[in-house]
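Below is one structure; the comments refer to it alone.
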Amino acid sequence: MCLVFYSGKAQNENSFFTKSDTLNKARLRGVYITEAALASITLIGLNELWYADYERSKFHFINDNGDWMQMDKMGHALTSYHIGKLGMTALDWAGASKKSQLLYGGTLGFAFLTAVEVLDGHSSEWGASGGDIIANAAGASLLIGQELLWNEQRFLLKYSFHQTDYASQRPNTLGSDLAEEMLKDYNGQTYWLSANIWSFAKESKFPKWLNIAFGYGAEGMIYSQENLNEAPYRQFYASFDIDLTKIKTKSPFLKTLFNTLNFIKIPAPALEFTSTGKIKTHLIYF
């Protein structure tokens with residue numbers, strides 16, 4: 001979903017970017033219509049362009065929990081989290097109640113990805129994944145749980161990527177260009193849990209935007225199943241990060257931009273621990 005709504009205060013109280021203090025029914029209708037249209041177009045497009053190449057089957061489940069060293073599950077959690085976050089922001093912009101934001105916005109990612117699982121379940125090539133559904137629920141739960149507990153997001157799920165040599169060995173699966181590799185090459189992806197330090201110590205002098213981040217990645221994967229790869233291994237990272245939404249600016253455009261890009265982990269020095277026992281330092285890690 002590509003629509004962005006800024007939920008902060010703009011200088012012009014009548015600005016499109018200014019959230020409504022009370023329920024704005026016109027905006028609310030616009031949000032629901034836009035979400036329904038985008039979800040429908042995406043699902044129809046997936047059905048025609050992706051699943052149409054494979055035979056249909058009765059709905060069935062598969063167990064793919066061991067595939068890609070669980071990197072795909074991390075991607076599901078992150079997607080569910082951020083689509084839900086976007087849904088909440090849109091409803092906040094429309095002046096919806098907090099309850100509605102949580103119920104209809106926070107669950108948006110889980111609902112959309114569940115629909116994708118239904119398509120998977122009717123494809124003979126794939127199949128619905130219980131692990132994917134659990135990951136989708138985990139992403140939505142992290143979002144909603146923090147709002148219920150703190151009324152803010154102290155922990156963010158983030159993503160970073162760097163190109164690897166593995167994609168060229170199997171481009172049809174891992175991607176044949178940068179855009180495809182960012183989605184398909186799990187070897188170059190890292191998923192982060194980024195924690196805002198100031199949120200846990202609001203009387204401290206820590207910068208409000210400073211985060212500490214813990215990442216997970218994996219390498220050596222040309223095939224999805226671990227035993228088919230030569231020497232795959234897991235990676236664990238510790239690094240610093242920035243919560244872009246906590247950077248002070250009076251510009252509604254910049255606030256909207258920062259809110260949109262906040263799913264990206266900022267490149268920074270990092271310490272890497274691998275499952276093979278190695279420790280590496282990175283001056284700048286993407």
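Going through the structure tokens in order, the chains are called A, B, and so on, while each chain numbers its residues from 1 and the ligands are numbered from 1 in the order shown.
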
Requested in this report: May I have all residues of region 141-280 of chain A that DSSP, computed from the backbone, assigns to strand (DSSP E), given as JSON, numbers by chain?
Outcome: {"A": [155, 156, 157, 158, 159, 160, 161, 189, 190, 191, 192, 193, 194, 195, 196, 210, 211, 212, 213, 214, 215, 216, 217, 218, 219, 233, 234, 235, 236, 237, 238, 239, 240, 241, 242, 268, 269, 270, 271, 272, 273, 274, 279, 280]}

**Report entry** Counting only C-alpha atoms, the option among A:Gln70, A:Thr260, A:Ser40, A:Gln235 closest to Ile279 (chain A)
**Finding:** A:Gln235

Query raised in the report: Excluding same-chain residues fewer than 2 positions from Gly75 (chain A), what lies within 10 Å of it counting only C-alpha atoms, as number ranges by chain?
Result: A: 70-73, 77-81, 132, 135-136, 139, 157-159, 183, 186, 189-191

Expected file contents, prior selection, C-alpha atoms, as a compact mmCIF listing (two decimals), in the first residue's frame:
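Ended up saving to out-v3.txt:
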```txt
# COMPACT_ATOMS: atom_id res chain seq x y z
CA GLN A 70 12.98 -18.53 8.91
CA MET A 71 13.95 -15.35 7.09
CA ASP A 72 10.66 -15.38 5.19
CA LYS A 73 8.79 -15.47 8.48
CA ALA A 77 6.02 -10.17 10.63
CA LEU A 78 7.54 -6.91 9.39
CA THR A 79 4.98 -6.54 6.58
CA SER A 80 2.05 -7.22 8.91
CA TYR A 81 3.42 -4.71 11.42
CA ASP A 132 3.32 -17.54 7.96
CA ALA A 135 4.34 -14.56 11.87
CA ASN A 136 1.59 -12.29 10.54
CA GLY A 139 3.67 -8.50 13.67
CA LEU A 157 10.47 -3.67 13.21
CA LYS A 158 12.92 -2.58 10.52
CA TYR A 159 14.58 -3.86 7.37
CA LEU A 183 12.40 -8.90 -2.07
CA TYR A 186 17.19 -13.51 1.90
CA GLN A 189 18.22 -9.05 4.05
CA THR A 190 18.45 -8.24 7.75
CA TYR A 191 15.44 -7.81 10.02
```

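In this model, the gap between CA of Thr114 (chain A) and CA of Lys58 (chain A) comes to 16.8 Å.
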
Query raised in the report: Which parts of region 32-83 of chain A does DSSP call alpha helix (DSSP H) when run on the backbone here, written out as number ranges by chain?
Result: A: 32-49, 71-83

Requested in this report: Tell me, in Å to one decimal, how far CA of Glu181 (chain A) is from CA of Lys255 (chain A).
Outcome: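 We find that CA of Glu181 (chain A) and CA of Lys255 (chain A) lie 29.0 Å from each other.
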
**Report entry** From A:Phe200, A:Glu219, A:Leu23, A:Leu103, residue lying nearest Gly145 (chain A) [only C-alpha atoms]
**Finding:**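 The answer is A:Leu103, which sits nearest to Gly145 (chain A).
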
Query - Minimum-distance residue to Leu113 (chain A), chosen among A:Thr89, A:Thr42, A:Ser20, A:Ser97 (using only C-alpha atoms) - result: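 Under the stated criterion, the closest residue is A:Thr42.
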
**Report entry** region 162-167 of chain A surroundings by only C-alpha atoms, 8 Å radius, close-in-sequence under 5 positions cut, as a ChimeraX atom specification
**Finding:** /A:173-176,178,181-182,185,187-189,220-222,286

Query raised in the report: Hey, what's within 12 Å of Tyr285 (chain A) if we count only C-alpha atoms and toss same-chain stuff fewer than 6 positions away? As a list in words, please?
Result: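 Selected residues are Tyr159, Ser160, Phe161, His162, Gln163, Gly188, Gln189, Thr190, Gly215, Tyr237, Ala238, Ser239, Phe240, Asp241, Lys265, Ile266, Pro267, Ala268, Pro269, Ala270, Leu271 and Glu272 of chain A.
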
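Close contacts of Phe206 (chain A), defined as residues with an atom at most 10 Å away when counting only C-alpha atoms, with chain neighbours fewer than 5 positions off set aside, comprise Asn196, Ile197, Trp198, Ser199, Ala201 and Asn211 of chain A.
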
Writing out the chosen residues with C-alpha atoms as a PDB file, in the first residue's frame:
```
ATOM      1  CA  ASN A 196      13.987   3.695  21.368  1.00  0.00           C
ATOM      2  CA  ILE A 197      16.182   4.429  24.387  1.00  0.00           C
ATOM      3  CA  TRP A 198      14.502   7.700  25.405  1.00  0.00           C
ATOM      4  CA  SER A 199      11.060   6.050  25.570  1.00  0.00           C
ATOM      5  CA  ALA A 201      14.058   6.813  30.242  1.00  0.00           C
ATOM      6  CA  ASN A 211      17.644   3.668  19.055  1.00  0.00           C
TER       7      ASN A 211
END
```

**Report entry** Residue with smallest distance to Tyr216 (chain A) - pool A:Thr245, A:Asn229, A:Ser275, A:Ser204, counting only C-alpha atoms
**Finding:** A:Ser275

Requested in this report: Pick out the closest residue to Leu210 (chain A) from this set: A:His82, A:Phe61, A:Ala179, A:Leu244. Count only C-alpha atoms.
Outcome: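 Ranked by minimum distance to Leu210 (chain A), first place goes to A:Leu244.
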
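Minimum atom-to-atom distance to Glu125 (chain A), evaluated using only C-alpha atoms, belongs to A:Glu55 out of A:Asp177, A:Glu147, A:Asp64, A:Glu55.
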